[in-house]
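S.K.: Hey, dropping upload-v6.cif in here, mmCIF, C-alpha atoms:
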data_structure
#
loop_
_atom_site.label_atom_id
_atom_site.label_comp_id
_atom_site.auth_asym_id
_atom_site.auth_seq_id
_atom_site.Cartn_x
_atom_site.Cartn_y
_atom_site.Cartn_z
CA MET A 1110 115.74 113.87 115.02
CA LYS A 1111 118.79 112.95 112.99
CA LYS A 1112 119.53 109.27 112.50
CA ILE A 1113 123.13 108.27 113.28
CA ALA A 1114 124.75 104.91 112.46
CA VAL A 1115 127.25 103.79 115.09
CA SER A 1116 129.93 101.30 114.08
CA ILE A 1117 130.60 99.29 117.20
CA GLY A 1118 134.39 99.08 117.01
CA ASP A 1119 136.49 96.23 118.38
CA LEU A 1120 134.22 94.19 120.63
CA ASN A 1121 137.18 93.11 122.76
CA GLY A 1122 137.64 96.76 123.78
CA VAL A 1123 135.58 99.45 125.50
CA GLY A 1124 133.40 100.44 122.56
CA LEU A 1125 130.33 98.42 123.50
CA GLN A 1126 130.47 99.65 127.11
CA ILE A 1127 130.55 103.24 125.85
CA ALA A 1128 127.62 102.65 123.49
CA LEU A 1129 125.48 101.05 126.20
CA GLU A 1130 126.30 103.52 128.97
CA ALA A 1131 125.84 106.58 126.76
CA HIS A 1132 122.68 105.37 125.04
CA LYS A 1133 120.21 107.17 127.29
CA LYS A 1134 121.94 110.53 126.69
CA ILE A 1135 122.46 109.92 122.99
CA LYS A 1136 118.82 108.91 122.50
CA LYS A 1137 117.73 112.38 123.63
CA ILE A 1138 119.54 114.12 120.77
CA CYS A 1139 119.33 111.65 117.88
CA THR A 1140 118.16 108.21 116.78
CA PRO A 1141 121.19 105.93 117.02
CA VAL A 1142 121.43 102.73 114.98
CA TYR A 1143 124.13 100.37 116.24
CA CYS A 1144 125.85 98.13 113.69
CA ILE A 1145 125.97 94.83 115.60
CA ASN A 1146 123.93 91.63 115.74
CA LYS A 1147 121.76 90.42 118.60
CA ASP A 1148 123.96 87.53 119.68
CA LEU A 1149 127.15 89.55 120.09
CA LEU A 1150 125.22 92.40 121.71
CA LYS A 1151 123.77 90.01 124.30
CA GLU A 1152 127.13 88.34 124.94
CA GLY A 1153 128.92 91.66 125.40
CA ALA A 1154 126.21 93.11 127.62
CA LYS A 1155 126.29 89.99 129.80
CA LEU A 1156 130.05 90.27 130.22
CA LEU A 1157 129.62 93.92 131.15
CA ASN A 1158 126.65 93.17 133.42
CA ILE A 1159 124.70 95.93 131.66
CA ASP A 1160 121.10 95.52 130.53
CA VAL A 1161 120.45 96.20 126.86
CA PRO A 1162 117.93 99.08 126.60
CA GLU A 1163 114.64 98.14 124.96
CA ASP A 1164 115.01 100.95 122.41
CA PHE A 1165 118.54 99.90 121.40
CA GLU A 1166 118.03 99.77 117.62
CA ILE A 1167 120.49 97.62 115.69
CA GLU A 1168 121.51 97.05 112.08
CA LYS A 1169 122.50 93.41 111.77
CA VAL A 1170 126.14 92.70 110.97
CA LYS A 1171 126.78 89.02 110.35
CA GLY A 1172 129.39 87.26 112.44
CA LYS A 1173 129.73 84.85 115.33
CA PHE A 1174 132.66 84.49 117.71
CA SER A 1175 133.50 84.63 121.40
CA ILE A 1176 134.38 88.03 122.83
CA LYS A 1177 137.82 87.93 124.46
CA PRO A 1178 138.17 91.06 126.59
CA GLY A 1179 141.38 92.99 126.12
CA THR A 1180 142.72 90.65 123.45
CA VAL A 1181 143.85 91.20 119.86
CA THR A 1182 141.94 88.69 117.72
CA LYS A 1183 141.29 88.13 114.04
CA ASP A 1184 137.54 87.70 114.59
CA ALA A 1185 137.09 90.96 116.47
CA GLY A 1186 139.17 92.78 113.86
CA ALA A 1187 137.10 91.45 110.97
CA TYR A 1188 133.86 92.23 112.76
CA SER A 1189 134.82 95.82 113.55
CA PHE A 1190 135.68 96.32 109.87
CA ASP A 1191 132.35 94.83 108.77
CA SER A 1192 130.49 97.01 111.29
CA PHE A 1193 132.21 100.07 109.84
CA THR A 1194 131.46 99.20 106.22
CA THR A 1195 127.84 98.52 107.17
CA ALA A 1196 127.62 102.05 108.61
CA ILE A 1197 129.21 103.51 105.47
CA LYS A 1198 126.64 101.76 103.27
CA LEU A 1199 123.77 103.07 105.42
CA ALA A 1200 125.06 106.62 105.02
CA SER A 1201 125.77 106.21 101.32
CA LYS A 1202 122.19 105.05 100.75
CA LYS A 1203 120.88 108.01 102.81
CA LYS A 1204 119.33 105.65 105.37
CA VAL A 1205 121.15 107.58 108.09
CA ASP A 1206 122.30 111.19 108.27
CA ALA A 1207 125.85 110.47 109.51
CA ILE A 1208 128.05 107.82 111.06
CA VAL A 1209 129.99 107.76 114.33
CA THR A 1210 132.76 105.24 114.84
CA LEU A 1211 133.85 103.60 118.07
CA PRO A 1212 137.54 102.56 118.34
CA ILE A 1213 139.10 99.78 116.30
CA ASN A 1214 142.40 98.04 116.90
CA LYS A 1215 144.86 98.24 114.01
CA GLU A 1216 146.63 95.02 114.99
CA SER A 1217 143.30 93.19 115.01
CA TRP A 1218 142.58 94.51 111.52
CA ASN A 1219 145.99 93.27 110.43
CA LYS A 1220 145.30 89.82 111.85
CA ALA A 1221 142.03 89.79 109.90
CA ASP A 1222 143.92 90.66 106.69
CA VAL A 1223 142.32 94.10 106.53
CA HIS A 1224 145.03 96.05 104.73
CA TYR A 1225 143.90 99.48 105.91
CA LYS A 1226 145.57 101.24 108.84
CA GLY A 1227 142.43 103.03 110.00
CA HIS A 1228 138.98 104.42 109.27
CA THR A 1229 140.14 107.36 107.16
CA GLU A 1230 142.06 105.15 104.74
CA VAL A 1231 138.93 103.04 104.22
CA LEU A 1232 136.83 106.10 103.48
CA ARG A 1233 139.47 107.43 101.08
CA ASP A 1234 139.42 104.19 99.11
CA TYR A 1235 135.67 103.62 99.32
CA PHE A 1236 134.76 107.02 97.90
CA ASP A 1237 137.92 107.54 95.81
CA LYS A 1238 138.37 110.91 97.51
CA ASP A 1239 141.28 112.54 99.32
CA ALA A 1240 139.71 112.23 102.75
CA ILE A 1241 141.27 114.52 105.35
CA MET A 1242 141.73 113.49 108.98
CA MET A 1243 140.98 116.34 111.35
CA LEU A 1244 140.91 115.96 115.11
CA GLY A 1245 140.05 118.35 117.88
CA CYS A 1246 137.43 120.12 119.92
CA PRO A 1247 135.87 123.60 119.85
CA LYS A 1248 139.09 125.06 121.30
CA MET A 1249 141.54 123.58 118.78
CA PHE A 1250 141.56 121.45 115.63
CA VAL A 1251 144.51 119.78 113.91
CA ALA A 1252 144.47 118.42 110.35
CA LEU A 1253 147.05 115.79 109.44
CA TYR A 1254 148.83 116.07 106.08
CA THR A 1255 150.28 112.58 106.58
CA GLU A 1256 148.65 110.05 108.90
CA HIS A 1257 149.51 106.43 109.65
CA ILE A 1258 152.88 106.11 107.97
CA ALA A 1259 156.35 105.47 109.36
CA PHE A 1260 158.10 108.67 110.41
CA ARG A 1261 161.04 107.99 108.09
CA LYS A 1262 158.64 108.28 105.12
CA VAL A 1263 157.17 111.66 106.06
CA ALA A 1264 159.89 113.86 104.57
CA LYS A 1265 159.46 112.18 101.18
CA LYS A 1266 155.80 113.24 101.18
CA ILE A 1267 156.58 116.94 101.57
CA GLU A 1268 155.85 118.08 98.02
CA GLU A 1269 154.63 121.51 96.88
CA GLU A 1270 151.85 120.27 94.62
CA LYS A 1271 150.42 117.74 97.08
CA ILE A 1272 150.49 120.14 100.03
CA THR A 1273 148.86 122.87 97.91
CA LYS A 1274 145.98 120.54 97.06
CA PHE A 1275 145.67 119.46 100.69
CA LEU A 1276 145.46 123.08 101.88
CA LEU A 1277 142.84 124.01 99.29
CA ASP A 1278 140.73 120.92 100.08
CA PHE A 1279 141.01 121.67 103.78
CA TYR A 1280 139.89 125.26 103.30
CA LYS A 1281 136.87 124.18 101.23
CA ASN A 1282 135.74 122.03 104.15
CA VAL A 1283 136.37 124.32 107.12
CA LYS A 1284 136.09 127.79 105.51
CA GLN A 1285 138.37 129.40 108.09
CA SER A 1286 140.36 132.56 107.42
CA ASN A 1287 143.30 132.02 109.77
CA ILE A 1288 144.96 128.61 109.54
CA ALA A 1289 148.43 127.80 110.89
CA VAL A 1290 150.65 125.51 108.83
CA LEU A 1291 153.52 123.86 110.71
CA GLY A 1292 157.00 123.26 109.41
CA LEU A 1293 158.49 119.78 109.41
CA ASN A 1294 161.93 120.35 110.90
CA PRO A 1295 163.05 121.80 114.25
CA HIS A 1296 162.87 125.61 114.14
CA ALA A 1297 161.06 125.22 110.77
CA SER A 1298 164.60 124.53 109.44
CA ASP A 1299 166.05 127.96 110.37
CA ASN A 1300 166.01 129.10 106.73
CA GLY A 1301 167.40 125.85 105.38
CA VAL A 1302 170.05 125.17 108.02
CA LEU A 1303 168.19 122.10 109.36
CA GLY A 1304 166.56 120.87 106.15
CA ASP A 1305 164.96 122.02 102.93
CA GLU A 1306 161.41 120.64 103.27
CA GLU A 1307 160.15 124.04 104.41
CA VAL A 1308 160.84 125.40 100.92
CA GLU A 1309 158.11 123.11 99.60
CA ILE A 1310 155.76 124.08 102.43
CA ILE A 1311 156.31 127.81 101.83
CA LYS A 1312 155.60 127.40 98.12
CA ALA A 1313 152.42 125.47 98.90
CA ILE A 1314 151.21 128.15 101.32
CA LYS A 1315 151.83 130.85 98.72
CA ASN A 1316 150.05 128.80 96.03
CA ALA A 1317 146.99 128.18 98.20
CA ASN A 1318 146.71 131.79 99.32
CA LYS A 1319 147.08 132.99 95.73
CA GLU A 1320 144.36 130.60 94.59
CA LEU A 1321 142.02 131.83 97.34
CA GLY A 1322 142.93 135.48 96.82
CA LYS A 1323 143.70 136.05 100.50
CA LYS A 1324 146.24 135.01 103.11
CA ASN A 1325 144.25 132.32 104.87
CA PHE A 1326 147.27 130.11 105.55
CA LYS A 1327 150.11 131.32 107.79
CA GLY A 1328 153.50 129.73 108.26
CA PRO A 1329 155.36 127.54 108.31
CA LEU A 1330 155.23 127.87 112.09
CA VAL A 1331 158.02 126.53 114.27
CA PRO A 1332 156.61 123.21 115.54
CA ASP A 1333 157.79 123.44 119.16
CA THR A 1334 156.10 126.82 119.74
CA ALA A 1335 153.09 126.44 117.44
CA PHE A 1336 150.84 125.33 120.30
CA SER A 1337 152.07 127.79 122.89
CA PRO A 1338 149.37 129.71 124.81
CA MET A 1339 150.12 132.81 122.74
CA ASN A 1340 149.74 131.00 119.41
CA ARG A 1341 146.57 129.26 120.56
CA LYS A 1342 145.09 132.72 121.08
CA ASN A 1343 145.81 133.47 117.42
CA TYR A 1344 145.01 130.10 115.85
CA LYS A 1345 142.25 127.53 116.27
CA TYR A 1346 142.99 125.44 113.16
CA TYR A 1347 146.39 123.86 112.48
CA VAL A 1348 147.73 121.84 109.55
CA CYS A 1349 150.38 119.42 110.79
CA MET A 1350 152.86 117.54 108.66
CA TYR A 1351 152.64 114.22 110.50
CA HIS A 1352 150.56 112.29 113.00
CA ASP A 1353 152.28 112.92 116.33
CA GLN A 1354 153.10 116.54 115.52
CA GLY A 1355 149.39 117.29 115.81
CA LEU A 1356 148.09 114.64 118.16
CA ILE A 1357 150.60 114.94 120.99
CA PRO A 1358 149.66 118.56 121.80
CA LEU A 1359 145.97 117.96 121.13
CA LYS A 1360 145.72 114.98 123.45
CA ALA A 1361 147.89 116.58 126.09
CA LEU A 1362 145.53 119.56 126.20
CA TYR A 1363 142.10 118.12 125.37
CA PHE A 1364 142.28 114.33 125.59
CA GLU A 1365 138.76 113.56 126.78
CA GLN A 1366 137.07 116.28 124.74
CA SER A 1367 138.56 115.79 121.30
CA ILE A 1368 137.03 113.89 118.42
CA ASN A 1369 137.99 112.79 114.91
CA VAL A 1370 136.22 114.20 111.84
CA SER A 1371 136.66 112.95 108.28
CA LEU A 1372 136.56 115.81 105.79
CA ASN A 1373 136.35 115.93 101.99
CA ILE A 1374 134.09 112.89 101.54
CA PRO A 1375 130.40 112.62 100.54
CA ILE A 1376 129.19 111.41 103.94
CA ILE A 1377 129.54 112.74 107.48
CA ARG A 1378 131.77 110.69 109.76
CA THR A 1379 132.96 111.53 113.24
CA SER A 1380 134.71 109.36 115.79
CA VAL A 1381 136.02 109.12 119.29
CA ASP A 1382 139.62 110.25 119.60
CA HIS A 1383 140.89 107.34 121.70
CA GLY A 1384 141.67 103.68 121.36
CA THR A 1385 140.15 100.41 122.47
CA ALA A 1386 141.59 100.60 126.02
CA PHE A 1387 142.11 96.83 126.20
CA ASP A 1388 143.66 97.21 129.65
CA ILE A 1389 140.31 98.17 131.20
CA ALA A 1390 137.83 96.47 128.85
CA TYR A 1391 135.08 94.50 130.64
CA LYS A 1392 136.57 95.25 134.08
CA ASN A 1393 133.78 97.47 135.39
CA ALA A 1394 136.08 100.46 134.99
CA ASN A 1395 134.84 104.01 134.70
CA VAL A 1396 135.15 104.82 131.00
CA SER A 1397 134.83 108.42 129.83
CA LEU A 1398 131.89 109.03 127.50
CA LYS A 1399 132.87 112.62 126.64
CA SER A 1400 134.63 111.99 123.33
CA TYR A 1401 131.81 109.74 122.09
CA ILE A 1402 129.06 112.16 123.08
CA ASN A 1403 130.98 115.04 121.50
CA ALA A 1404 131.42 112.98 118.32
CA VAL A 1405 127.68 112.34 118.13
CA LYS A 1406 126.90 116.02 118.73
CA GLU A 1407 129.29 117.09 115.98
CA ALA A 1408 127.83 114.52 113.56
CA ILE A 1409 124.38 115.99 114.24
CA ASN A 1410 125.68 119.54 113.74
CA LEU A 1411 127.43 118.69 110.49
CA SER A 1412 124.36 116.88 109.16
CA LYS A 1413 122.34 120.08 109.53
#
Would you write the structure of this file as structure tokens?
M.R.:
Amino acid sequence: MKKIAVSIGDLNGVGLQIALEAHKKIKKICTPVYCINKDLLKEGAKLLNIDVPEDFEIEKVKGKFSIKPGTVTKDAGAYSFDSFTTAIKLASKKKVDAIVTLPINKESWNKADVHYKGHTEVLRDYFDKDAIMMLGCPKMFVALYTEHIAFRKVAKKIEEEKITKFLLDFYKNVKQSNIAVLGLNPHASDNGVLGDEEVEIIKAIKNANKELGKKNFKGPLVPDTAFSPMNRKNYKYYVCMYHDQGLIPLKALYFEQSINVSLNIPIIRTSVDHGTAFDIAYKNANVSLKSYINAVKEAINLSK
């Protein structure tokens, strides 16, 4: 069976509960290795009133602090970052076949002086590659041209050359022949009436299709109708210009099913597509395991 490293995420959130409750199912399809130390594992399990399975294999990550359920803390932020980098190193050294990440809290990372906004940015820097963030499920995938940046900065990033490279890198990873590219402005600018960014997007689409020798990329599609039932019959893969443009429709339609996949890097990384859920952490709440299990399954599939 494939060996999968699991970065434990923010220990003040629901990540550990998910890992413990899903372990029996996950163990049937792979060999999970959880990046956490014994002391914090025992403390978290005690707070959750969940027994640690005897076959719960761990990769030690140094660190000692008190878990504070549902709280943003420097210690939890630093530990979740260290757990993630430990998983990356295991994959880089071929000690595991892939990594799966449980949710981190960006504010906790900030408190810990971790200057990254999320997992993808770390991977991009670590491997010096233009990592691509793609999220979705078998019914629909969205790739984000820009990710965790302020909305006011998005328009400045709409450049022909950069979008062309993004489209070509995306194609090399997914090898799909029918990919929708969204415009930035309402009505995809109505031929320049509502903005001129679509001119850059159109040029990039033409460049990418010319490079590939076929019309793989279609658009720019009007954003407010791109995810209509009719368009979803025609398209499974979408390239979105900014974070919420892709994630609002995806999570509205497939919240519990969707996962995050990092493309264009030398290792395989998948993730849950939800946050730390501080509001229900360590409260004996029913936490969905679907996204995590789907992330593990996709990591196994990709590693084949």
S.K.: What does the PyMOL selection byres ((chain A and resi 1358-1371) around 8) select in this file, as a ChimeraX atom specification?
M.R.: /A:1229,1240-1246,1249-1251,1336,1354-1357,1372-1374,1377-1382,1397,1399-1401,1403-1404
S.K.: From the list A:Ala1394, A:Ile1376, A:Tyr1346, A:Lys1112, which residue is nearest Lys1248 of chain A when using all atoms listed in the file?
M.R.: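 Counting all atoms listed in the file, the residue closest to Lys1248 of chain A is A:Tyr1346.
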S.K.: Calculate how many Å separate atom CA of Lys1202 of chain A from atom CA of Tyr1188 of chain A, rounding to one decimal.
M.R.: 21.1 Å
S.K.: Tell me, in Å to one decimal, how far atom CA of Gly1227 of chain A is from atom CA of Glu1407 of chain A.
M.R.: 20.2 Å
S.K.: May I have a table of the residues of segment 1308-1404 of chain A lying at most 8 Å from segment 1273-1295 of chain A, giving each one's closest pair of atoms and their distance in Å to one decimal, counting all atoms listed in the file, ordered by chain and ascending residue number, as a tab-separated table?
M.R.:
residue	atom	partner	partner_atom	distance
A:Ile1310	CA	A:Gly1292	CA	7.1
A:Ala1313	CA	A:Thr1273	CA	4.5
A:Ile1314	CA	A:Thr1273	CA	6.7
A:Asn1316	CA	A:Thr1273	CA	6.3
A:Ala1317	CA	A:Thr1273	CA	5.6
A:Lys1324	CA	A:Ser1286	CA	7.7
A:Asn1325	CA	A:Ser1286	CA	4.7
A:Phe1326	CA	A:Ile1288	CA	4.8
A:Lys1327	CA	A:Ala1289	CA	5.0
A:Gly1328	CA	A:Val1290	CA	5.1
A:Pro1329	CA	A:Gly1292	CA	4.7
A:Leu1330	CA	A:Leu1291	CA	4.6
A:Val1331	CA	A:Gly1292	CA	5.9
A:Pro1332	CA	A:Leu1291	CA	5.8
A:Asp1333	CA	A:Pro1295	CA	7.4
A:Ala1335	CA	A:Leu1291	CA	7.2
A:Tyr1344	CA	A:Ala1289	CA	6.4
A:Lys1345	CA	A:Ile1288	CA	7.3
A:Tyr1346	CA	A:Ile1288	CA	5.2
A:Tyr1347	CA	A:Ala1289	CA	4.7
A:Val1348	CA	A:Val1290	CA	4.7
A:Cys1349	CA	A:Leu1291	CA	5.4
A:Met1350	CA	A:Leu1293	CA	6.1
A:Leu1372	CA	A:Asn1282	CA	6.5
A:Asn1373	CA	A:Asn1282	CA	6.5
S.K.: Apply the PyMOL selection byres ((chain A and resi 1181) around 7) to the displayed file and report the matching residues as a list in words.
M.R.: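 Selected by the PyMOL selection byres ((chain A and resi 1181) around 7) in this file: Gly1179, Thr1180, Thr1182, Glu1216 and Ser1217 of chain A.
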S.K.: Could you jot down the atom CA of Val1123 of chain A to atom CA of Ala1390 of chain A separation for me, Å, one decimal place?
M.R.: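 Spanning atom CA of Val1123 of chain A to atom CA of Ala1390 of chain A is a straight-line distance of 5.0 Å.
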S.K.: Return the single residue from A:Leu1411, A:Leu1398, A:Ala1185, A:Cys1144 that is closest to Ile1197 of chain A, with distances computed using only C-alpha atoms.
M.R.: A:Cys1144
S.K.: Go through A:Ile1272, A:Lys1220, A:Lys1413, A:Glu1166 one by one, measure the shortest atom-to-atom distance of each to Leu1253 of chain A using all atoms listed in the file, and give the residue with the smallest value.
M.R.: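 Of A:Ile1272, A:Lys1220, A:Lys1413, A:Glu1166, the one nearest Leu1253 of chain A, counting all atoms listed in the file, is A:Ile1272.
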S.K.: Find the spatial neighbours of segment 1140-1143 of chain A, counting all atoms listed in the file, within a cut-off of 6 Å - ignore same-chain residues fewer than 2 positions away - and output them as a PyMOL selection string.
M.R.: chain A and resi 1112-1115+1136+1145+1166-1168
S.K.: Might I get the box with edges along x, y and z of the file that holds all atoms of segment 1158-1162 of chain A listed there, padded by 8 Å on every side, given as centre and edge lengths in Å to one decimal, as JSON?
M.R.:
{"center_x": 122.3, "center_y": 96.1, "center_z": 130.0, "size_x": 24.7, "size_y": 21.9, "size_z": 22.8}
S.K.: Using all atoms listed in the file, which residue out of A:Asp1234, A:Phe1260, A:Ile1402, A:Asp1353 lies closest to Ala1128 of chain A?
M.R.: A:Ile1402
S.K.: Ranking A:Lys1319, A:Lys1215, A:Lys1177, A:Lys1169 by minimum distance to Leu1199 of chain A and counting all atoms listed in the file, which one comes first?
M.R.: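 Smallest separation from Leu1199 of chain A among the options: A:Lys1169.
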S.K.: Using all atoms listed in the file, can you tell me which of A:Leu1156, A:Val1223, A:Val1209, A:Ile1267 comes closest to Ile1117 of chain A?
M.R.: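 The shortest atom-to-atom distance to Ile1117 of chain A comes from A:Val1209.
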